[in-house]
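> The structure's right below; bear with me while I get my questions together.
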Amino acid sequence: MIRKKYDILSSDYRVSVYFVIPAIISVLAFLLFPFVYTVVLSLSKFNLRDQSLSFIGLDNYISIFSSKAFIHSISITVVFALYVLICSTAFGVLFALLLNQDFIGRGFARAILIIPWAIPWVVIGIMWKWMLNAQFGLLNGLLYQLGLIKEYIPFLAKERWVLFISALPAVWRQASFSGILLLASIQTIPDALYESAMIDGAGTLRKFISITLPWMMPTLIVVLMFNTLYGFMQFDTVFMLTKGGPGDATEVIAINMYRKAFESLKLGEGAAIGYVLSMLCLTFGLVFIRILRKVEDITK
Amino acid sequence: MLRKKSPLGTVLLYLAFALFVFWIIFPFLWVIISSFMTISELGAVPPHWIPERPTLANYKSVLLGIYEGKNTYGTYGSGQKAETILPALRNSFFIAVVVSFLNILIGGLAAYSISRFKTRLNRALFYTMITSRVLPPIGMIIPFFIIFRFLKVINTPLVLILSYNLLVLPMTIWLLKGYFDNVPVDLEEMAMVEGLTRFRSLILIVIPVAIPGFIAVFIMSMMECWSEFFFALVMTDQLTLPPVLIGFEKMEQIQWNVMAAATVITIIPPVIVALFMQKYIIKGLTAGAVKG
C-alpha cells in the first residue's frame, strides 16, 4: 500500500470527507444518538403520555437488579447462549468437515447448507413450533410411527427441557452459518499440507488438530463470536416458540426487556435492561475481536 | 483427500450425509405439506405425510382473500373478503429495496473513502462500525420508539427504512472496504494521470472490479430487511411480513394451514436467491466475517 500524506487543503482530503458525510450522519442519528438516549432513559422516569422525562438516578437499575424476573432471565440467557454457542459451533465444524469429503450428493448438500441462513428468524421459529406441536407436530408423528413413543410429547410445555428445545431453532440457523464459514475456510487449505502430513504418517485426528484447526482458527473465532452474540440477543425464535413461557422458563433478557418496555410500558426500566444487554454483548464482542487480532498476528 | 476409503468409512459417510439432509429438510417438511392440506386433514394422528386431497385453498386465502366454507378466519364475517398478505408482501419488498439501495450508496461511498484515505475521521468511523456490529439492535429500540412516536410517523414504512439502515450499514462498509482494498491504487492513479477525474475513475475502474461485492451486499441487506422482526413488531402494526405471520396466531382460531401457506410464500424469495446467488453470498459472508 502506498502511504501518502494528505494535506488538509488538497482536494483528496475534501473528497474523503464528502464521501463519509452520509455515513457519519447515519451513525450519529441512528447509532450514537439512540445509544446515548438509552443511557439517559435508563436513568430517568419517562412518561409516554406527556413525553416528560425526570431524572431519577440509578433507581431503574436498582429496581431491575432487585427483581427476581430479571435475575432469572440473566441466568437462563447465559445457559441459553452457552447451549447455542456449543451446539451451533460443534455442528458447524461437523458440517464443514463432512461437506469437505468426497461423496455423491455433495453438491446438493452444500447447496442446502445455505438455506437455514436465508430464512427469516421468525419463520424458523414458526417451522420449529409447528414441527414440535404437541397435537399435530410432524416430529411427534415420526417418533410415533417409528414406535419410539406411545403418546405425543408436548415438547414446549415441559419446563425442565423447554429452554433447550426453544434454543434449537437458533442452533439450526447458526449451525448452518458456522458451517458455511468454516467450510469456506477449510477449502482454502493447500493440499500440499495434508500430503506432507500423510508422508509423515499422521492420522485423521492428528491432521485435524495440527493442520485443519489452526488454519480455520481465525474463522472459528468469528463463528464463536456470532454464535455467542446471537445466543445472548435472541428474541425472534424464542418469542415465536414460547413467548417466554411456560411460566418464565424461557424468558431470556430480550423477552424480559420487551415485556417491561412494551407490555408494562416501563420504558426507563426497559432502557436499563437494554443497556445491560448492550454492555454484555459489547464486552463479549470486543473480547472476541481482541482474540481474533492476536490469532491473526500469530498466523501471519 | 480420502483416496482409499474403507467400506465402514463409506457407510458412515453416507449415514452422516443422510442425517445432515434430514436435519436441514425436516423442519421445512411440515410447513410445506400442511400448506396444501385442509384443516380437517391437519389434525390426523398419525399425520399424513402426503395430503390425501391436496388443495390450493390456503394459498387462495392468503393471496386473494377467498375463504371457502363457513367463516373460520377469526373476526371476518362469512362471505366478506378478508385481508390478504399482499400489502405486507409489497411493503416488505419495497422497504428492502429502498434500504438496500440507500445502503449501497451511503456505505459504498464511505467504504471507498475508508479504503483510500487513512484519515483520523475515517479510522474513527471504521472502528465505530466494527464495534456496532456486536451491539444488539434490540437494546437500542426504545429511543427509536419514543422519537418516531413523537414525530407521529409510527406505523409507516419510513420508520423501518430509517432504522434498518443501522442494521445493514456496518456490514456493508466492512465488506465493501475489503473489496475496494483489493483494487490496486496504481490502477486508479494511472487513470487519473491519463486525465480522468477521481469521480470518473471511481465509476470506470473501481466500481466494475468491486461489482461482486455490491451484489453480495445488496443480497445480504435485502435478506436482513426481509427477515427483520423486532423493530417491525414494536414500531408498526403488521406492516411487513414477519409480524403478519405472527399475527396469524392472534386470530380467534389459529388456522395453521393458512399460516403455513403464508410462511411458504415468505420463504420462497430468499431461498431462491440464496440458492442461485450462493457464490456471491458465501464470498460476502467470508470476506465480511474474517477481514477486520
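Each chain of the C-alpha cells is named A, B, ... in the order shown, its residues numbered from 1; ligands are numbered from 1 in display order.
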Select from range 14-202 of chain A everything DSSP, run on the backbone, classes as helix (DSSP H, G or I), then give the selection as a PyMOL selection string.
chain A and resi 14-42+59-65+68-99+106-113+115-118+121-132+138-145+162-166+168-186+191-199
> Counting only C-alpha atoms, collect the residues of chain B whose closest atom lies at most 6 Å from chain A, and write them out as a compact mmCIF listing (two decimals) with C-alpha atoms, in the first residue's frame.

```txt
# COMPACT_ATOMS: atom_id res chain seq x y z
CA PRO B 27 -38.17 -28.61 9.80
CA GLY B 43 -55.43 -32.99 12.73
CA PRO B 46 -50.54 -40.07 12.93
CA PRO B 47 -50.01 -37.24 10.44
CA ILE B 106 -24.10 5.57 1.74
CA LEU B 109 -19.06 5.99 -0.64
CA ALA B 110 -17.89 5.63 2.96
CA SER B 113 -13.14 6.74 1.38
CA VAL B 134 -21.57 -6.51 18.16
CA LEU B 135 -24.26 -4.25 19.63
CA PRO B 136 -27.76 -5.73 19.83
CA GLY B 139 -31.01 -2.78 23.18
CA MET B 140 -31.49 0.50 21.34
CA PRO B 143 -35.26 5.76 21.67
CA SER B 227 -36.35 -11.03 7.98
CA PRO B 270 -34.92 -15.61 -0.02
CA VAL B 271 -34.41 -19.34 -0.56
CA THR B 286 -16.48 -14.93 4.48
```
> Work out how far CA of Val171 in chain A is from CA of Ala134 in chain A, in Å to one decimal.
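If I compute the distance from CA of Ala134 in chain A to CA of Val171 in chain A, I get 20.9 Å.
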> Please determine, counting only C-alpha atoms, which residue among B:Gln278, B:Ile146, B:Asp237, B:Ala260 has the shortest atom-to-atom distance to Gly107 in chain A.
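When distances to Gly107 in chain A are compared using only C-alpha atoms, the smallest one comes from B:Gln278.
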> Report as a list in words all protein, DNA and RNA residues lying within 8 Å of range 56-70 of chain A, evaluated on only C-alpha atoms, omitting residues in the same chain fewer than 5 positions from it.
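Using only C-alpha atoms, the neighbours found are Ser42, Leu43, Ser44, Lys45, Asp248, Ile253, Asn256, Gly268, Glu269, Ala272 and Ile273 of chain A.
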> Write out as a VMD selection string the set of residues from range 50-93 of chain A that DSSP, computed on the backbone, places in strand (DSSP E or B).
chain A and resid 52 to 55
> Looking at only C-alpha atoms, which of B:Ile207, B:Leu86, B:Ile219, B:Leu15 is the one that sits closest to Val244 in chain B?
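So, comparing all the options, the nearest one is B:Leu86.
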